[in-house]
Amino acid sequence: MQAIEWAILYPEQVDAVVAIASTHALHPQGVAWNSIARDAIMRDPAWQGGHYYGTGSAPDGGMGVGRMVGHITYLSAPALEEKFGRRLQFADDIRYTITEPEFEVESYLRHQADSFVQRFDANTYLYLSRALTYFDLARQHGEGSLVRALETIAARTLLIAFSSDWLYPPVASKDIEDALRALGKPVESHVIDAPYGHDCFLLEEARQTPIIRRFLAAG
């Protein structure tokens with residue numbers, strides 16, 4: 001996202017852009033999930049309106065839930081099925097408990113939450129999440145028009161998306177591609193078929209690397 005904005009703001013300094021699993025503006029579903037994650041933090045009494053520093057208490061519970069929500073958006077239904085299925089965590093049969101994780105996927109999410117709150121600040125999470133939802137190239141640089149926003153770009157652009165990414169779906173890259181083509185700008189686009197959701201950009205390095213190398217070499 002930021003790379004494309006740099007190409008808009010500094011066209012004389014940006015020769016090539018590689019945008020992987022990205023978008024010109026977060027889609028409504030992403031905005032909604034981010035809102036839930038922020039609300040989980042702000043509804044935690046320990047958040048204290050953001051003034052929890054030095055009180056000996058922090059909204060770890062709310063931030064943990066926010067992290068669970070965020071982490072799920074990076075995955076996909078097939079990825080969760082492959083990694084966890086409905087396998088139980090601690091027993092050979094269900095234990096009929098609402099307080100402890102029964103399934104591996106539940107235990108995994110709790111681990112992600114516990115790990116995250118040890119290394120991240122809740123207010124920082126809130127502001128970063130909000131900044132992400134505000135990012136909108138068309139609104140910020142094109143008075144609502146993506147084509148107008150991209151008019152100043154002089155760089156060649158490579159767009160890579162992943163078939164199972166529902167947080168930054170291929171249609172988001174297609175919107176950018178269509179706008180650049182309408183302007184006659186050089187753009188190349190690829191959709192990699194992979195089942196891991198948004199995490200594909202981390203897990204499919206071997207399939208991205210040749211595409212990126214060819215693109216950069218062509219310049």
# chains A, B, ... in the order shown; residues from 1 in each chain; ligands from 1

$ residues_around --residues "Ser129 of chain A" --least-positions-apart "4" --cutoff "9 Å" --atoms "only C-alpha atoms" --output "list of chain:residue names"
A:Asn34, A:Ser35, A:Ala37, A:Arg38, A:Thr124, A:Tyr125, A:Thr133, A:Tyr134

$ select_by_dssp --residues "chain A" --states "strand (DSSP E or B)" --output "list in words"
Ala16, Val17, Val18, Ala19, Ile20, Ala25, Leu88, Phe103, Asp136, Arg156, Thr157, Leu158, Leu159, Ile160, Ala161, Phe162, Val187, Glu188, Ser189, His190, Val191 and Ile192 of chain A

$ write_last_selection --atoms "C-alpha atoms" --output "short mmCIF file (atom, residue, chain, number, x, y, z; two decimals), in the first residue's frame"
data_model
loop_
_atom_site.label_atom_id
_atom_site.label_comp_id
_atom_site.auth_asym_id
_atom_site.auth_seq_id
_atom_site.Cartn_x
_atom_site.Cartn_y
_atom_site.Cartn_z
CA ALA A 16 9.44 0.27 -9.95
CA VAL A 17 6.75 -0.85 -7.50
CA VAL A 18 6.15 -4.41 -6.32
CA ALA A 19 2.85 -4.57 -4.42
CA ILE A 20 2.19 -7.99 -2.88
CA ALA A 25 -8.11 0.81 0.28
CA LEU A 88 -9.19 -32.02 19.99
CA PHE A 103 -10.04 -27.90 19.93
CA ASP A 136 -7.49 5.20 0.72
CA ARG A 156 6.47 0.25 -13.60
CA THR A 157 4.16 -1.70 -11.32
CA LEU A 158 4.02 -5.39 -10.44
CA LEU A 159 0.95 -6.65 -8.59
CA ILE A 160 0.87 -10.08 -6.94
CA ALA A 161 -2.29 -11.42 -5.28
CA PHE A 162 -3.34 -14.80 -3.89
CA VAL A 187 1.63 -2.77 -15.10
CA GLU A 188 1.99 -6.53 -14.68
CA SER A 189 -0.37 -8.60 -12.53
CA HIS A 190 -0.32 -12.18 -11.21
CA VAL A 191 -2.73 -14.19 -9.06
CA ILE A 192 -1.04 -17.16 -7.38
#

$ select_by_dssp --residues "segment 113-148 of chain A" --states "alpha helix (DSSP H)" --output "CSV table (one decimal) with N, CA, C and O atoms, in the first residue's frame"
chain,number,residue,atom,x,y,z
A,113,ALA,N,-2.7,-15.0,21.1
A,113,ALA,CA,-3.1,-13.9,22.0
A,113,ALA,C,-2.1,-13.7,23.1
A,113,ALA,O,-1.6,-12.5,23.3
A,114,ASP,N,-1.7,-14.7,23.8
A,114,ASP,CA,-0.8,-14.6,25.0
A,114,ASP,C,0.5,-14.1,24.5
A,114,ASP,O,1.2,-13.3,25.2
A,115,SER,N,1.0,-14.6,23.4
A,115,SER,CA,2.3,-14.1,22.9
A,115,SER,C,2.3,-12.7,22.4
A,115,SER,O,3.2,-11.9,22.7
A,116,PHE,N,1.2,-12.3,21.8
A,116,PHE,CA,1.1,-10.9,21.3
A,116,PHE,C,1.1,-9.9,22.4
A,116,PHE,O,1.8,-8.8,22.2
A,117,VAL,N,0.3,-10.1,23.4
A,117,VAL,CA,0.2,-9.1,24.5
A,117,VAL,C,1.6,-8.9,25.2
A,117,VAL,O,1.7,-7.8,25.9
A,122,ALA,N,-1.2,-1.8,23.5
A,122,ALA,CA,-2.6,-1.7,23.1
A,122,ALA,C,-2.9,-0.4,22.3
A,122,ALA,O,-3.6,-0.5,21.3
A,123,ASN,N,-2.5,0.7,22.8
A,123,ASN,CA,-2.8,2.0,22.2
A,123,ASN,C,-2.1,2.0,20.8
A,123,ASN,O,-2.7,2.6,19.8
A,124,THR,N,-0.9,1.5,20.7
A,124,THR,CA,-0.2,1.4,19.4
A,124,THR,C,-1.0,0.6,18.4
A,124,THR,O,-1.2,1.0,17.3
A,125,TYR,N,-1.6,-0.5,18.9
A,125,TYR,CA,-2.4,-1.4,18.1
A,125,TYR,C,-3.6,-0.6,17.6
A,125,TYR,O,-4.0,-0.6,16.4
A,126,LEU,N,-4.3,0.2,18.5
A,126,LEU,CA,-5.5,0.9,18.1
A,126,LEU,C,-5.1,1.9,17.0
A,126,LEU,O,-5.9,2.1,16.0
A,127,TYR,N,-4.1,2.7,17.2
A,127,TYR,CA,-3.7,3.7,16.2
A,127,TYR,C,-3.3,3.1,14.8
A,127,TYR,O,-3.6,3.7,13.8
A,128,LEU,N,-2.5,2.1,14.9
A,128,LEU,CA,-2.1,1.4,13.6
A,128,LEU,C,-3.3,0.9,12.9
A,128,LEU,O,-3.4,1.0,11.7
A,129,SER,N,-4.2,0.2,13.6
A,129,SER,CA,-5.4,-0.3,13.0
A,129,SER,C,-6.3,0.8,12.4
A,129,SER,O,-6.8,0.6,11.3
A,130,ARG,N,-6.4,1.9,13.1
A,130,ARG,CA,-7.2,3.0,12.6
A,130,ARG,C,-6.6,3.6,11.4
A,130,ARG,O,-7.2,3.9,10.4
A,131,ALA,N,-5.3,3.8,11.4
A,131,ALA,CA,-4.6,4.3,10.2
A,131,ALA,C,-4.7,3.4,9.0
A,131,ALA,O,-4.9,3.9,7.9
A,132,LEU,N,-4.7,2.1,9.2
A,132,LEU,CA,-4.9,1.2,8.1
A,132,LEU,C,-6.3,1.3,7.5
A,132,LEU,O,-6.5,1.3,6.3
A,133,THR,N,-7.3,1.6,8.3
A,133,THR,CA,-8.7,1.7,7.8
A,133,THR,C,-8.8,3.0,7.1
A,133,THR,O,-9.7,3.2,6.1
A,134,TYR,N,-8.1,4.1,7.5
A,134,TYR,CA,-8.2,5.4,6.8
A,134,TYR,C,-7.5,5.4,5.5
A,134,TYR,O,-7.9,6.2,4.6
A,137,LEU,N,-6.2,5.5,-1.3
A,137,LEU,CA,-5.5,6.2,-2.3
A,137,LEU,C,-6.5,7.1,-3.1
A,137,LEU,O,-6.2,8.2,-3.5
A,138,ALA,N,-7.6,6.6,-3.5
A,138,ALA,CA,-8.6,7.3,-4.3
A,138,ALA,C,-9.1,8.6,-3.5
A,138,ALA,O,-9.2,9.7,-4.1
A,139,ARG,N,-9.4,8.4,-2.2
A,139,ARG,CA,-9.9,9.5,-1.4
A,139,ARG,C,-8.8,10.6,-1.2
A,139,ARG,O,-9.0,11.8,-1.3
A,140,GLN,N,-7.6,10.0,-0.8
A,140,GLN,CA,-6.5,10.9,-0.4
A,140,GLN,C,-5.9,11.6,-1.6
A,140,GLN,O,-5.3,12.8,-1.4
A,141,HIS,N,-5.8,11.0,-2.8
A,141,HIS,CA,-5.1,11.6,-3.9
A,141,HIS,C,-5.9,11.8,-5.2
A,141,HIS,O,-5.3,12.3,-6.1
A,146,LEU,N,-9.8,6.5,-8.3
A,146,LEU,CA,-8.5,5.8,-8.3
A,146,LEU,C,-7.7,6.1,-9.5
A,146,LEU,O,-6.5,6.3,-9.4
A,147,VAL,N,-8.3,6.2,-10.6
A,147,VAL,CA,-7.6,6.6,-11.9
A,147,VAL,C,-6.9,7.9,-11.7
A,147,VAL,O,-5.7,8.1,-12.0
A,148,ARG,N,-7.7,8.9,-11.2
A,148,ARG,CA,-7.1,10.2,-11.0
A,148,ARG,C,-5.9,10.2,-9.9
A,148,ARG,O,-4.9,10.8,-10.1

$ closest_residue --among "A:Leu216, A:Val69, A:Ala206, A:Ile211" --to "Ala32 of chain A" --atoms "only C-alpha atoms"
A:Val69

$ closest_residue --among "A:Arg214, A:Thr209, A:Thr152, A:Ser164" --to "Ala7 of chain A" --atoms "only C-alpha atoms"
A:Thr152

$ closest_residue --among "A:Met1, A:Val105, A:Leu180, A:Met68" --to "Leu80 of chain A" --atoms "only C-alpha atoms"
A:Val105

$ closest_residue --among "A:Ile176, A:Ser76, A:Gly85, A:Asp121" --to "Gly62 of chain A" --atoms "only C-alpha atoms"
A:Asp121

$ closest_residue --among "A:Gly197, A:Gly142, A:Ile212, A:Leu202" --to "Ala179 of chain A" --atoms "only C-alpha atoms"
A:Gly142

$ atom_distance --atom1 "atom CA of Asp178 of chain A" --atom2 "atom CA of Ser22 of chain A"
14.7 Å

$ closest_residue --among "A:Pro59, A:Pro195, A:Pro78, A:Pro45" --to "Phe120 of chain A" --atoms "only C-alpha atoms"
A:Pro59
